[in-house]
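Enquirer: What follows is input_22.tsv, made up of TSV, N, CA and C atoms:
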chain	number	residue	atom	x	y	z
A	9	MET	N	71.99	-40.75	-87.23
A	9	MET	CA	72.73	-40.69	-88.48
A	9	MET	C	73.97	-41.59	-88.38
A	10	GLN	N	73.92	-42.67	-89.06
A	10	GLN	CA	74.99	-43.68	-88.96
A	10	GLN	C	75.97	-43.53	-90.12
A	11	PRO	N	77.27	-43.47	-89.82
A	11	PRO	CA	78.25	-43.44	-90.90
A	11	PRO	C	78.11	-44.69	-91.77
A	12	LYS	N	78.33	-44.52	-93.05
A	12	LYS	CA	78.11	-45.61	-93.98
A	12	LYS	C	79.32	-46.53	-94.14
A	13	THR	N	80.50	-46.02	-93.91
A	13	THR	CA	81.68	-46.86	-94.11
A	13	THR	C	82.62	-46.76	-92.91
A	14	PHE	N	83.37	-47.80	-92.75
A	14	PHE	CA	84.39	-47.85	-91.72
A	14	PHE	C	85.65	-48.39	-92.35
A	15	ASN	N	86.76	-48.02	-91.77
A	15	ASN	CA	87.98	-48.58	-92.34
A	15	ASN	C	88.13	-50.04	-91.92
A	16	GLU	N	88.95	-50.72	-92.65
A	16	GLU	CA	89.13	-52.16	-92.44
A	16	GLU	C	89.70	-52.45	-91.05
A	17	GLN	N	90.58	-51.57	-90.58
A	17	GLN	CA	91.16	-51.76	-89.24
A	17	GLN	C	90.08	-51.74	-88.17
A	18	ASP	N	89.13	-50.81	-88.27
A	18	ASP	CA	88.06	-50.74	-87.28
A	18	ASP	C	87.21	-52.01	-87.30
A	19	TRP	N	86.89	-52.48	-88.49
A	19	TRP	CA	86.09	-53.69	-88.61
A	19	TRP	C	86.83	-54.90	-88.01
A	20	ASN	N	88.10	-55.05	-88.34
A	20	ASN	CA	88.89	-56.16	-87.81
A	20	ASN	C	89.03	-56.07	-86.29
A	21	LEU	N	89.24	-54.86	-85.80
A	21	LEU	CA	89.36	-54.65	-84.36
A	21	LEU	C	88.04	-54.96	-83.66
A	22	PHE	N	86.95	-54.54	-84.24
A	22	PHE	CA	85.64	-54.84	-83.68
A	22	PHE	C	85.43	-56.36	-83.58
A	23	ARG	N	85.72	-57.06	-84.65
A	23	ARG	CA	85.57	-58.53	-84.66
A	23	ARG	C	86.47	-59.19	-83.62
A	24	GLU	N	87.62	-58.60	-83.39
A	24	GLU	CA	88.55	-59.13	-82.40
A	24	GLU	C	88.07	-58.86	-80.97
A	25	LYS	N	87.50	-57.68	-80.74
A	25	LYS	CA	87.14	-57.27	-79.38
A	25	LYS	C	85.79	-57.82	-78.90
A	26	VAL	N	84.86	-58.04	-79.79
A	26	VAL	CA	83.52	-58.46	-79.37
A	26	VAL	C	83.54	-59.70	-78.48
A	27	PRO	N	84.27	-60.76	-78.83
A	27	PRO	CA	84.25	-61.93	-77.95
A	27	PRO	C	84.73	-61.61	-76.52
A	28	THR	N	85.73	-60.78	-76.38
A	28	THR	CA	86.23	-60.41	-75.05
A	28	THR	C	85.18	-59.58	-74.31
A	29	TRP	N	84.59	-58.62	-75.02
A	29	TRP	CA	83.53	-57.81	-74.40
A	29	TRP	C	82.38	-58.69	-73.92
A	30	GLN	N	82.01	-59.67	-74.75
A	30	GLN	CA	80.92	-60.56	-74.38
A	30	GLN	C	81.30	-61.44	-73.19
A	31	GLU	N	82.50	-61.96	-73.20
A	31	GLU	CA	82.94	-62.78	-72.06
A	31	GLU	C	82.92	-61.96	-70.77
A	32	ASN	N	83.40	-60.73	-70.84
A	32	ASN	CA	83.40	-59.86	-69.66
A	32	ASN	C	81.98	-59.60	-69.17
A	33	TYR	N	81.07	-59.34	-70.11
A	33	TYR	CA	79.69	-59.08	-69.73
A	33	TYR	C	79.04	-60.32	-69.12
A	34	MET	N	79.27	-61.48	-69.74
A	34	MET	CA	78.69	-62.71	-69.21
A	34	MET	C	79.28	-63.07	-67.85
A	35	GLU	N	80.52	-62.69	-67.62
A	35	GLU	CA	81.12	-62.90	-66.29
A	35	GLU	C	80.36	-62.09	-65.25
A	36	LYS	N	79.95	-60.87	-65.58
A	36	LYS	CA	79.15	-60.06	-64.65
A	36	LYS	C	77.81	-60.74	-64.37
A	37	ILE	N	77.20	-61.29	-65.39
A	37	ILE	CA	75.94	-62.00	-65.21
A	37	ILE	C	76.17	-63.23	-64.32
A	38	ASN	N	77.23	-63.97	-64.58
A	38	ASN	CA	77.55	-65.15	-63.77
A	38	ASN	C	77.78	-64.78	-62.31
A	39	GLN	N	78.44	-63.67	-62.07
A	39	GLN	CA	78.66	-63.22	-60.69
A	39	GLN	C	77.35	-62.87	-60.02
A	40	LYS	N	76.45	-62.25	-60.76
A	40	LYS	CA	75.12	-61.92	-60.24
A	40	LYS	C	74.37	-63.20	-59.86
A	41	ILE	N	74.46	-64.20	-60.72
A	41	ILE	CA	73.81	-65.49	-60.47
A	41	ILE	C	74.46	-66.18	-59.26
A	42	GLN	N	75.79	-66.15	-59.20
A	42	GLN	CA	76.50	-66.76	-58.08
A	42	GLN	C	76.08	-66.13	-56.76
A	43	LYS	N	75.99	-64.82	-56.75
A	43	LYS	CA	75.56	-64.11	-55.54
A	43	LYS	C	74.15	-64.55	-55.14
A	44	LEU	N	73.30	-64.69	-56.12
A	44	LEU	CA	71.94	-65.15	-55.86
A	44	LEU	C	71.95	-66.57	-55.29
A	45	LEU	N	72.76	-67.45	-55.86
A	45	LEU	CA	72.84	-68.83	-55.38
A	45	LEU	C	73.34	-68.91	-53.94
A	46	GLU	N	74.19	-67.98	-53.58
A	46	GLU	CA	74.76	-67.99	-52.22
A	46	GLU	C	73.87	-67.30	-51.19
A	47	ASN	N	72.75	-66.77	-51.62
A	47	ASN	CA	71.85	-66.06	-50.72
A	47	ASN	C	71.05	-67.06	-49.88
A	48	PRO	N	71.36	-67.15	-48.58
A	48	PRO	CA	70.67	-68.14	-47.74
A	48	PRO	C	69.21	-67.80	-47.45
A	49	SER	N	68.82	-66.57	-47.69
A	49	SER	CA	67.43	-66.19	-47.41
A	49	SER	C	66.46	-66.58	-48.52
A	50	LYS	N	66.98	-67.07	-49.64
A	50	LYS	CA	66.13	-67.48	-50.77
A	50	LYS	C	65.97	-68.99	-50.78
A	51	THR	N	64.78	-69.44	-51.12
A	51	THR	CA	64.55	-70.88	-51.27
A	51	THR	C	65.13	-71.33	-52.60
A	52	PRO	N	65.38	-72.63	-52.75
A	52	PRO	CA	65.88	-73.13	-54.03
A	52	PRO	C	64.96	-72.77	-55.21
A	53	SER	N	63.67	-72.81	-55.00
A	53	SER	CA	62.77	-72.47	-56.10
A	53	SER	C	62.84	-70.98	-56.43
A	54	GLU	N	62.97	-70.13	-55.43
A	54	GLU	CA	63.12	-68.69	-55.69
A	54	GLU	C	64.39	-68.43	-56.48
A	55	LYS	N	65.45	-69.09	-56.09
A	55	LYS	CA	66.73	-68.94	-56.79
A	55	LYS	C	66.59	-69.39	-58.24
A	56	PHE	N	66.00	-70.56	-58.42
A	56	PHE	CA	65.83	-71.11	-59.77
A	56	PHE	C	65.07	-70.15	-60.66
A	57	TRP	N	63.92	-69.65	-60.20
A	57	TRP	CA	63.09	-68.79	-61.05
A	57	TRP	C	63.72	-67.42	-61.25
A	58	GLN	N	64.46	-66.93	-60.29
A	58	GLN	CA	65.16	-65.66	-60.50
A	58	GLN	C	66.29	-65.83	-61.51
A	59	ILE	N	66.99	-66.94	-61.43
A	59	ILE	CA	68.06	-67.22	-62.40
A	59	ILE	C	67.46	-67.37	-63.80
A	60	GLU	N	66.36	-68.07	-63.90
A	60	GLU	CA	65.69	-68.24	-65.19
A	60	GLU	C	65.31	-66.88	-65.78
A	61	LYS	N	64.81	-66.00	-64.93
A	61	LYS	CA	64.43	-64.65	-65.38
A	61	LYS	C	65.66	-63.86	-65.85
A	62	ILE	N	66.74	-63.94	-65.11
A	62	ILE	CA	67.98	-63.25	-65.49
A	62	ILE	C	68.44	-63.74	-66.87
A	63	ILE	N	68.49	-65.05	-67.03
A	63	ILE	CA	68.96	-65.61	-68.30
A	63	ILE	C	68.01	-65.23	-69.43
A	64	HIS	N	66.72	-65.30	-69.18
A	64	HIS	CA	65.75	-64.93	-70.21
A	64	HIS	C	65.93	-63.47	-70.64
A	65	ASN	N	66.13	-62.58	-69.69
A	65	ASN	CA	66.30	-61.16	-69.99
A	65	ASN	C	67.62	-60.84	-70.66
A	66	GLU	N	68.66	-61.58	-70.33
A	66	GLU	CA	70.00	-61.27	-70.82
A	66	GLU	C	70.36	-61.94	-72.14
A	67	LYS	N	69.70	-63.03	-72.50
A	67	LYS	CA	70.17	-63.80	-73.65
A	67	LYS	C	70.07	-63.07	-74.99
A	68	ARG	N	69.30	-62.01	-75.05
A	68	ARG	CA	69.22	-61.22	-76.30
A	68	ARG	C	70.03	-59.93	-76.22
A	69	ASN	N	70.70	-59.73	-75.11
A	69	ASN	CA	71.54	-58.56	-74.91
A	69	ASN	C	72.76	-58.68	-75.83
A	70	PRO	N	73.20	-57.57	-76.43
A	70	PRO	CA	74.38	-57.66	-77.31
A	70	PRO	C	75.64	-58.12	-76.57
A	71	GLY	N	75.64	-58.04	-75.25
A	71	GLY	CA	76.76	-58.56	-74.49
A	71	GLY	C	76.79	-60.08	-74.47
A	72	VAL	N	75.71	-60.69	-74.96
A	72	VAL	CA	75.61	-62.14	-75.03
A	72	VAL	C	75.50	-62.60	-76.47
A	73	LEU	N	74.69	-61.93	-77.24
A	73	LEU	CA	74.41	-62.34	-78.62
A	73	LEU	C	74.41	-61.11	-79.52
A	74	ILE	N	75.20	-61.18	-80.58
A	74	ILE	CA	75.29	-60.04	-81.49
A	74	ILE	C	75.45	-60.55	-82.91
A	75	GLU	N	74.82	-59.88	-83.84
A	75	GLU	CA	74.95	-60.25	-85.25
A	75	GLU	C	76.20	-59.56	-85.81
A	76	MET	N	77.14	-60.36	-86.23
A	76	MET	CA	78.41	-59.83	-86.70
A	76	MET	C	78.37	-59.55	-88.19
A	77	LYS	N	77.77	-58.42	-88.52
A	77	LYS	CA	77.76	-57.95	-89.91
A	77	LYS	C	78.42	-56.58	-89.94
A	78	ARG	N	79.23	-56.39	-90.93
A	78	ARG	CA	79.92	-55.11	-91.05
A	78	ARG	C	78.92	-53.93	-91.09
A	79	SER	N	77.82	-54.13	-91.76
A	79	SER	CA	76.81	-53.07	-91.88
A	79	SER	C	76.14	-52.75	-90.54
A	80	SER	N	76.27	-53.64	-89.57
A	80	SER	CA	75.66	-53.44	-88.26
A	80	SER	C	76.66	-52.98	-87.20
A	81	MET	N	77.91	-52.84	-87.57
A	81	MET	CA	78.95	-52.55	-86.60
A	81	MET	C	78.65	-51.29	-85.78
A	82	PHE	N	78.30	-50.22	-86.43
A	82	PHE	CA	78.07	-48.96	-85.72
A	82	PHE	C	76.89	-49.09	-84.76
A	83	SER	N	75.78	-49.63	-85.22
A	83	SER	CA	74.61	-49.81	-84.34
A	83	SER	C	74.92	-50.81	-83.23
A	84	ASN	N	75.75	-51.81	-83.53
A	84	ASN	CA	76.15	-52.76	-82.49
A	84	ASN	C	76.97	-52.08	-81.40
A	85	ILE	N	77.85	-51.20	-81.80
A	85	ILE	CA	78.65	-50.46	-80.82
A	85	ILE	C	77.74	-49.63	-79.93
A	86	LEU	N	76.79	-48.96	-80.52
A	86	LEU	CA	75.84	-48.16	-79.73
A	86	LEU	C	75.01	-49.05	-78.80
A	87	SER	N	74.60	-50.21	-79.28
A	87	SER	CA	73.83	-51.15	-78.45
A	87	SER	C	74.68	-51.66	-77.29
A	88	LEU	N	75.93	-51.95	-77.55
A	88	LEU	CA	76.83	-52.39	-76.48
A	88	LEU	C	77.02	-51.30	-75.43
A	89	LEU	N	77.11	-50.06	-75.89
A	89	LEU	CA	77.21	-48.94	-74.96
A	89	LEU	C	75.92	-48.77	-74.16
A	90	ASN	N	74.79	-48.80	-74.85
A	90	ASN	CA	73.49	-48.61	-74.19
A	90	ASN	C	73.21	-49.67	-73.14
A	91	SER	N	73.65	-50.88	-73.40
A	91	SER	CA	73.38	-51.97	-72.46
A	91	SER	C	74.50	-52.11	-71.42
A	92	LYS	N	75.42	-51.15	-71.41
A	92	LYS	CA	76.52	-51.11	-70.44
A	92	LYS	C	77.45	-52.32	-70.52
A	93	CYS	N	77.56	-52.88	-71.71
A	93	CYS	CA	78.51	-53.98	-71.94
A	93	CYS	C	79.91	-53.42	-72.12
A	94	ILE	N	79.98	-52.22	-72.68
A	94	ILE	CA	81.26	-51.54	-72.87
A	94	ILE	C	81.08	-50.08	-72.47
A	95	THR	N	82.20	-49.38	-72.40
A	95	THR	CA	82.18	-47.94	-72.16
A	95	THR	C	82.87	-47.26	-73.34
A	96	ILE	N	82.77	-45.96	-73.39
A	96	ILE	CA	83.45	-45.19	-74.44
A	96	ILE	C	84.95	-45.48	-74.40
A	97	ASP	N	85.50	-45.67	-73.22
A	97	ASP	CA	86.93	-45.97	-73.09
A	97	ASP	C	87.33	-47.26	-73.80
A	98	ASP	N	86.39	-48.19	-73.93
A	98	ASP	CA	86.69	-49.44	-74.62
A	98	ASP	C	86.92	-49.24	-76.12
A	99	LEU	N	86.62	-48.07	-76.62
A	99	LEU	CA	86.78	-47.78	-78.05
A	99	LEU	C	88.08	-47.04	-78.34
A	100	SER	N	88.94	-46.91	-77.35
A	100	SER	CA	90.15	-46.10	-77.51
A	100	SER	C	91.11	-46.60	-78.59
A	101	ASP	N	91.05	-47.88	-78.93
A	101	ASP	CA	91.94	-48.42	-79.96
A	101	ASP	C	91.40	-48.22	-81.38
A	102	PHE	N	90.18	-47.76	-81.49
A	102	PHE	CA	89.57	-47.57	-82.81
A	102	PHE	C	90.00	-46.23	-83.40
A	103	SER	N	89.72	-46.07	-84.67
A	103	SER	CA	90.11	-44.83	-85.36
A	103	SER	C	89.44	-43.62	-84.70
A	104	GLU	N	90.10	-42.49	-84.82
A	104	GLU	CA	89.53	-41.25	-84.28
A	104	GLU	C	88.19	-40.95	-84.93
A	105	ASP	N	88.07	-41.24	-86.21
A	105	ASP	CA	86.83	-40.99	-86.92
A	105	ASP	C	85.67	-41.80	-86.31
A	106	LEU	N	85.89	-43.07	-86.09
A	106	LEU	CA	84.85	-43.90	-85.49
A	106	LEU	C	84.52	-43.41	-84.09
A	107	GLN	N	85.53	-43.13	-83.29
A	107	GLN	CA	85.30	-42.64	-81.93
A	107	GLN	C	84.49	-41.34	-81.94
A	108	LYS	N	84.85	-40.46	-82.85
A	108	LYS	CA	84.16	-39.18	-82.95
A	108	LYS	C	82.68	-39.38	-83.30
A	109	ASN	N	82.42	-40.24	-84.28
A	109	ASN	CA	81.05	-40.52	-84.70
A	109	ASN	C	80.23	-41.17	-83.59
A	110	VAL	N	80.84	-42.12	-82.90
A	110	VAL	CA	80.13	-42.78	-81.80
A	110	VAL	C	79.83	-41.77	-80.69
A	111	LYS	N	80.81	-40.97	-80.32
A	111	LYS	CA	80.61	-39.98	-79.25
A	111	LYS	C	79.54	-38.97	-79.62
A	112	ARG	N	79.52	-38.57	-80.88
A	112	ARG	CA	78.52	-37.59	-81.32
A	112	ARG	C	77.11	-38.15	-81.15
A	113	ILE	N	76.90	-39.37	-81.57
A	113	ILE	CA	75.58	-40.00	-81.45
A	113	ILE	C	75.30	-40.32	-79.98
A	114	TRP	N	76.27	-40.87	-79.29
A	114	TRP	CA	76.12	-41.29	-77.90
A	114	TRP	C	75.74	-40.11	-77.01
A	115	GLU	N	76.36	-38.98	-77.24
A	115	GLU	CA	76.07	-37.79	-76.43
A	115	GLU	C	74.71	-37.20	-76.74
A	116	ASP	N	74.19	-37.45	-77.93
A	116	ASP	CA	72.87	-36.94	-78.31
A	116	ASP	C	71.73	-37.76	-77.70
A	117	GLU	N	72.04	-38.97	-77.26
A	117	GLU	CA	70.98	-39.86	-76.75
A	117	GLU	C	70.60	-39.53	-75.35
Could you write out this file's structure as structure tokens?

Expert:
Amino acid sequence: MQPKTFNEQDWNLFREKVPTWQENYMEKINQKIQKLLENPSKTPSEKFWQIEKIIHNEKRNPGVLIEMKRSSMFSNILSLLNSKCITIDDLSDFSEDLQKNVKRIWEDE
């Protein structure tokens, strides 16, 4: 059950925070790739194909790519939580109403 409306502050804050959340998530992916590249027990081809697989799997993750529509904000927040791009604590600046609604759905999953 998704709330139908959000206040303007929540929407503006969401638009402001998403790029930072995505950069943080992509940094984790980059670190994973860097660790793989530094692994002396892997051949160059093994590294290449593992990196290709990582990128293929991650490029549709909301931590990398997200549709910025106001009507999708709530589902996007849930997707970001589900994919471990953000935590509930990352929503602390949002309205109590939004936090309450997200927590209610998040805890039911």

Enquirer: Would you please extract all alpha helix (DSSP H) residues from chain A, as assigned by DSSP on the backbone, and give them as a count of residues only?

Expert: 68

Enquirer: What lies within 7 Å of A:Pro70 using all atoms listed in the file, ignoring chain neighbours under 4 positions off, as a ChimeraX atom specification?

Expert: /A:30,66,74-75,87-88,91,93

Enquirer: Counting only C-alpha atoms, what is within 12 Å of A:Tyr33, bar same-chain residues fewer than 4 positions away, as a list in words?

Expert: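 The filter keeps Val26, Pro27, Thr28, Trp29, Ile37, Asn38, Gln39, Lys40, Glu66, Lys67, Asn69, Pro70, Gly71, Val72, Leu73, Leu88, Leu89, Ser91, Lys92, Cys93, Ile94 and Thr95 of chain A.
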
Enquirer: List the residues sitting within 8 Å of (78.5, -45.0, -78.3) in the file's frame, using all atoms listed in the file, as a PyMOL selection string.

Expert: chain A and resi 82+84-90+95-96+107+109-115

Enquirer: Please dump the current selection as a PDB file, keeping the file's coordinate frame; keep N, CA and C atoms.

Expert:
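File again-v9.pdb, as written:
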ATOM      1  N   PHE A  82      78.300 -50.220 -86.430  1.00  0.00           N
ATOM      2  CA  PHE A  82      78.070 -48.960 -85.720  1.00  0.00           C
ATOM      3  C   PHE A  82      76.890 -49.090 -84.760  1.00  0.00           C
ATOM      4  N   ASN A  84      75.750 -51.810 -83.530  1.00  0.00           N
ATOM      5  CA  ASN A  84      76.150 -52.760 -82.490  1.00  0.00           C
ATOM      6  C   ASN A  84      76.970 -52.080 -81.400  1.00  0.00           C
ATOM      7  N   ILE A  85      77.850 -51.200 -81.800  1.00  0.00           N
ATOM      8  CA  ILE A  85      78.650 -50.460 -80.820  1.00  0.00           C
ATOM      9  C   ILE A  85      77.740 -49.630 -79.930  1.00  0.00           C
ATOM     10  N   LEU A  86      76.790 -48.960 -80.520  1.00  0.00           N
ATOM     11  CA  LEU A  86      75.840 -48.160 -79.730  1.00  0.00           C
ATOM     12  C   LEU A  86      75.010 -49.050 -78.800  1.00  0.00           C
ATOM     13  N   SER A  87      74.600 -50.210 -79.280  1.00  0.00           N
ATOM     14  CA  SER A  87      73.830 -51.150 -78.450  1.00  0.00           C
ATOM     15  C   SER A  87      74.680 -51.660 -77.290  1.00  0.00           C
ATOM     16  N   LEU A  88      75.930 -51.950 -77.550  1.00  0.00           N
ATOM     17  CA  LEU A  88      76.830 -52.390 -76.480  1.00  0.00           C
ATOM     18  C   LEU A  88      77.020 -51.300 -75.430  1.00  0.00           C
ATOM     19  N   LEU A  89      77.110 -50.060 -75.890  1.00  0.00           N
ATOM     20  CA  LEU A  89      77.210 -48.940 -74.960  1.00  0.00           C
ATOM     21  C   LEU A  89      75.920 -48.770 -74.160  1.00  0.00           C
ATOM     22  N   ASN A  90      74.790 -48.800 -74.850  1.00  0.00           N
ATOM     23  CA  ASN A  90      73.490 -48.610 -74.190  1.00  0.00           C
ATOM     24  C   ASN A  90      73.210 -49.670 -73.140  1.00  0.00           C
ATOM     25  N   THR A  95      82.200 -49.380 -72.400  1.00  0.00           N
ATOM     26  CA  THR A  95      82.180 -47.940 -72.160  1.00  0.00           C
ATOM     27  C   THR A  95      82.870 -47.260 -73.340  1.00  0.00           C
ATOM     28  N   ILE A  96      82.770 -45.960 -73.390  1.00  0.00           N
ATOM     29  CA  ILE A  96      83.450 -45.190 -74.440  1.00  0.00           C
ATOM     30  C   ILE A  96      84.950 -45.480 -74.400  1.00  0.00           C
ATOM     31  N   GLN A 107      85.530 -43.130 -83.290  1.00  0.00           N
ATOM     32  CA  GLN A 107      85.300 -42.640 -81.930  1.00  0.00           C
ATOM     33  C   GLN A 107      84.490 -41.340 -81.940  1.00  0.00           C
ATOM     34  N   ASN A 109      82.420 -40.240 -84.280  1.00  0.00           N
ATOM     35  CA  ASN A 109      81.050 -40.520 -84.700  1.00  0.00           C
ATOM     36  C   ASN A 109      80.230 -41.170 -83.590  1.00  0.00           C
ATOM     37  N   VAL A 110      80.840 -42.120 -82.900  1.00  0.00           N
ATOM     38  CA  VAL A 110      80.130 -42.780 -81.800  1.00  0.00           C
ATOM     39  C   VAL A 110      79.830 -41.770 -80.690  1.00  0.00           C
ATOM     40  N   LYS A 111      80.810 -40.970 -80.320  1.00  0.00           N
ATOM     41  CA  LYS A 111      80.610 -39.980 -79.250  1.00  0.00           C
ATOM     42  C   LYS A 111      79.540 -38.970 -79.620  1.00  0.00           C
ATOM     43  N   ARG A 112      79.520 -38.570 -80.880  1.00  0.00           N
ATOM     44  CA  ARG A 112      78.520 -37.590 -81.320  1.00  0.00           C
ATOM     45  C   ARG A 112      77.110 -38.150 -81.150  1.00  0.00           C
ATOM     46  N   ILE A 113      76.900 -39.370 -81.570  1.00  0.00           N
ATOM     47  CA  ILE A 113      75.580 -40.000 -81.450  1.00  0.00           C
ATOM     48  C   ILE A 113      75.300 -40.320 -79.980  1.00  0.00           C
ATOM     49  N   TRP A 114      76.270 -40.870 -79.290  1.00  0.00           N
ATOM     50  CA  TRP A 114      76.120 -41.290 -77.900  1.00  0.00           C
ATOM     51  C   TRP A 114      75.740 -40.110 -77.010  1.00  0.00           C
ATOM     52  N   GLU A 115      76.360 -38.980 -77.240  1.00  0.00           N
ATOM     53  CA  GLU A 115      76.070 -37.790 -76.430  1.00  0.00           C
ATOM     54  C   GLU A 115      74.710 -37.200 -76.740  1.00  0.00           C
TER      55      GLU A 115
END

Enquirer: Which distance in Å separates atom N of A:Pro52 and atom CA of A:Met34, to one decimal?

Expert: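 Computing it gives 23.4 Å between the two atoms.
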
Enquirer: Provide the atom CA of A:Ser103 to atom C of A:Gln17 distance in Å, to one decimal place.

Expert: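 Computed distance, atom CA of A:Ser103 to atom C of A:Gln17, equals 7.5 Å.
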
Enquirer: Distance atom CA of A:Asp97-atom CA of A:Arg78, one decimal place?

Expert: 21.3 Å

Enquirer: Using the structure block above, produce a file of stretch 92-103 of chain A that contains N, CA and C atoms, as a PDB file, in the first residue's frame.

Expert:
ATOM      1  N   LYS A  92      20.024  -2.626  -0.640  1.00  0.00           N
ATOM      2  CA  LYS A  92      21.057  -2.216   0.316  1.00  0.00           C
ATOM      3  C   LYS A  92      21.890  -1.022  -0.157  1.00  0.00           C
ATOM      4  N   CYS A  93      21.272  -0.173  -0.946  1.00  0.00           N
ATOM      5  CA  CYS A  93      21.922   1.072  -1.371  1.00  0.00           C
ATOM      6  C   CYS A  93      21.835   2.109  -0.267  1.00  0.00           C
ATOM      7  N   ILE A  94      20.760   2.029   0.501  1.00  0.00           N
ATOM      8  CA  ILE A  94      20.563   2.931   1.634  1.00  0.00           C
ATOM      9  C   ILE A  94      20.044   2.108   2.810  1.00  0.00           C
ATOM     10  N   THR A  95      20.010   2.744   3.963  1.00  0.00           N
ATOM     11  CA  THR A  95      19.421   2.132   5.154  1.00  0.00           C
ATOM     12  C   THR A  95      18.283   3.037   5.631  1.00  0.00           C
ATOM     13  N   ILE A  96      17.515   2.548   6.552  1.00  0.00           N
ATOM     14  CA  ILE A  96      16.439   3.350   7.148  1.00  0.00           C
ATOM     15  C   ILE A  96      17.009   4.645   7.728  1.00  0.00           C
ATOM     16  N   ASP A  97      18.199   4.572   8.284  1.00  0.00           N
ATOM     17  CA  ASP A  97      18.834   5.769   8.866  1.00  0.00           C
ATOM     18  C   ASP A  97      19.068   6.864   7.828  1.00  0.00           C
ATOM     19  N   ASP A  98      19.221   6.478   6.569  1.00  0.00           N
ATOM     20  CA  ASP A  98      19.423   7.477   5.517  1.00  0.00           C
ATOM     21  C   ASP A  98      18.178   8.319   5.262  1.00  0.00           C
ATOM     22  N   LEU A  99      17.066   7.928   5.830  1.00  0.00           N
ATOM     23  CA  LEU A  99      15.810   8.660   5.638  1.00  0.00           C
ATOM     24  C   LEU A  99      15.506   9.605   6.792  1.00  0.00           C
ATOM     25  N   SER A 100      16.449   9.773   7.695  1.00  0.00           N
ATOM     26  CA  SER A 100      16.196  10.559   8.913  1.00  0.00           C
ATOM     27  C   SER A 100      15.850  12.021   8.648  1.00  0.00           C
ATOM     28  N   ASP A 101      16.247  12.568   7.510  1.00  0.00           N
ATOM     29  CA  ASP A 101      15.947  13.969   7.206  1.00  0.00           C
ATOM     30  C   ASP A 101      14.564  14.157   6.573  1.00  0.00           C
ATOM     31  N   PHE A 102      13.921  13.068   6.240  1.00  0.00           N
ATOM     32  CA  PHE A 102      12.604  13.154   5.604  1.00  0.00           C
ATOM     33  C   PHE A 102      11.515  13.338   6.656  1.00  0.00           C
ATOM     34  N   SER A 103      10.335  13.673   6.185  1.00  0.00           N
ATOM     35  CA  SER A 103       9.216  13.911   7.104  1.00  0.00           C
ATOM     36  C   SER A 103       8.914  12.647   7.912  1.00  0.00           C
TER      37      SER A 103
END
